[in-house]
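S.K.: Would you mind keeping the following structure in view while I ask a few things?
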Amino acid sequence: MFPLVLGFICQPALWIFRGTERSAVVRDRLLRPATMLFLESALRAWRQGGPEAWNRWHLPLARAFGEARAAYLAAKLGIDPENALSLGASHDYEGPLPGITGHCSAGDESCRFVHRLPSRF
């Protein structure tokens with residue numbers, strides 16, 4: 001049953017991400033609120049039940065979505081899974097979609113991603 005639920009959630013989420021690439025309205029009205037709901041739910045679960053609560057629902061959902069999105073991103077961005085800088089391109093590309101900012105470049109030893117989330121986090 002759980003894989004069926006993950007598939008039911010992941011497919012529309014993939015469409016939302018694809019729409020976000022083309023439309024600020026989809027990004028601002030669908031993806032960012034959905035991301036914030038997921039984060040709020042994950043934090044609440046962690047605070048109430050610790051890692052086990054996170055591992056029951058949020059981690060499998062995040063993994064399933066990542067696996068579903070990986071092939072599309074690899075093809076679109078020309079990612080080499082054996083190259084860490086190449087893998088980082090996915091963060092640079094997808095991070096701004098839900099509102100995460102920051103960028104790392106080759107040779108920057110002090111690089112840190114800046115995550116801007118609402119103050120309630």
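Numbering starts fresh at 1 for the residues of each chain in the structure tokens, the chains themselves are lettered A, B, ... in the order given, and ligands are numbered from 1 as they appear.
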For region 82-98 of chain A, find every residue with an atom within 7 Å (counting only C-alpha atoms), except residues of its own chain fewer than 5 positions away, and show them as a CSV table (one decimal) with C-alpha atoms, in the first residue's frame.

M.R.:
```csv
chain,number,residue,atom,x,y,z
A,20,THR,CA,7.7,25.5,-11.8
A,27,ARG,CA,6.3,28.1,-8.3
A,31,LEU,CA,5.6,24.4,-5.1
A,32,ARG,CA,6.6,26.7,-2.4
A,35,THR,CA,7.4,22.5,0.2
A,73,LEU,CA,17.5,16.1,-13.9
A,103,HIS,CA,25.6,28.8,-4.9
```

S.K.: Would you mind reading off the distance between CA of Leu43 (chain A) and CA of Cys10 (chain A), one decimal, in Å?

M.R.: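 If I compute the distance from CA of Leu43 (chain A) to CA of Cys10 (chain A), I get 20.3 Å.
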
S.K.: CA of Pro33 (chain A) to CA of Leu77 (chain A): how many Å, to one decimal?

M.R.: 25.5 Å

S.K.: Using only C-alpha atoms, which protein or nucleic acid residues come within 9 Å of Ile16 (chain A)? Drop anything in the same chain fewer than 3 positions from it, and give the result as JSON, numbers by chain.

M.R.: {"A": [11, 12, 13, 19, 20, 21, 26, 27, 30, 31]}

S.K.: Any chance you could export the current selection's N, CA and C atoms as a short mmCIF file (atom, residue, chain, number, x, y, z; two decimals), in the first residue's frame?

M.R.:
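Final output, out.cif:
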```cif
data_model
loop_
_atom_site.label_atom_id
_atom_site.label_comp_id
_atom_site.auth_asym_id
_atom_site.auth_seq_id
_atom_site.Cartn_x
_atom_site.Cartn_y
_atom_site.Cartn_z
N GLN A 11 3.95 11.50 -8.63
CA GLN A 11 3.65 11.89 -10.01
C GLN A 11 3.13 13.32 -10.10
N PRO A 12 2.13 13.71 -9.33
CA PRO A 12 1.72 15.13 -9.39
C PRO A 12 2.83 16.08 -8.96
N ALA A 13 3.64 15.66 -8.01
CA ALA A 13 4.75 16.51 -7.57
C ALA A 13 5.74 16.74 -8.71
N GLY A 19 6.22 22.28 -14.06
CA GLY A 19 5.51 23.55 -14.25
C GLY A 19 6.24 24.72 -13.62
N THR A 20 6.90 24.46 -12.51
CA THR A 20 7.66 25.49 -11.80
C THR A 20 8.81 26.00 -12.66
N GLU A 21 9.37 25.13 -13.47
CA GLU A 21 10.47 25.54 -14.36
C GLU A 21 10.00 26.57 -15.38
N VAL A 26 3.13 28.93 -10.80
CA VAL A 26 3.17 27.55 -10.29
C VAL A 26 4.18 27.47 -9.14
N ARG A 27 5.32 28.13 -9.31
CA ARG A 27 6.35 28.12 -8.26
C ARG A 27 5.81 28.74 -6.98
N LEU A 30 2.06 26.90 -5.87
CA LEU A 30 1.97 25.46 -5.64
C LEU A 30 3.21 24.88 -4.97
N LEU A 31 4.37 25.05 -5.62
CA LEU A 31 5.57 24.37 -5.13
C LEU A 31 6.02 24.89 -3.77
#
```

S.K.: Neighbouring residues of Trp54 (chain A) were defined as those with any atom within 7 Å, considering only C-alpha atoms; residues of the same chain fewer than 6 positions away were excluded. Please report them as a list in words.

M.R.: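 The contact residues come out as Ala42, Ala45 and Trp46 of chain A.
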
S.K.: Would you write out those residues with N, CA and C atoms, as an mmCIF file, in the first residue's frame?

M.R.:
```cif
data_model
loop_
_atom_site.group_PDB
_atom_site.id
_atom_site.type_symbol
_atom_site.label_atom_id
_atom_site.label_comp_id
_atom_site.auth_asym_id
_atom_site.auth_seq_id
_atom_site.Cartn_x
_atom_site.Cartn_y
_atom_site.Cartn_z
ATOM 1 N N ALA A 42 7.371 17.597 8.608
ATOM 2 C CA ALA A 42 8.586 16.871 8.979
ATOM 3 C C ALA A 42 9.122 17.342 10.326
ATOM 4 N N ALA A 45 6.819 16.090 13.103
ATOM 5 C CA ALA A 45 7.031 14.653 13.339
ATOM 6 C C ALA A 45 8.329 14.421 14.096
ATOM 7 N N TRP A 46 9.386 15.113 13.711
ATOM 8 C CA TRP A 46 10.686 14.943 14.366
ATOM 9 C C TRP A 46 10.600 15.353 15.831
#
```

S.K.: May I ask for the distance between CA of Arg29 (chain A) and CA of Ile9 (chain A), given in Å to one decimal place?

M.R.: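 About the pair CA of Arg29 (chain A) and CA of Ile9 (chain A): they are 17.6 Å apart.
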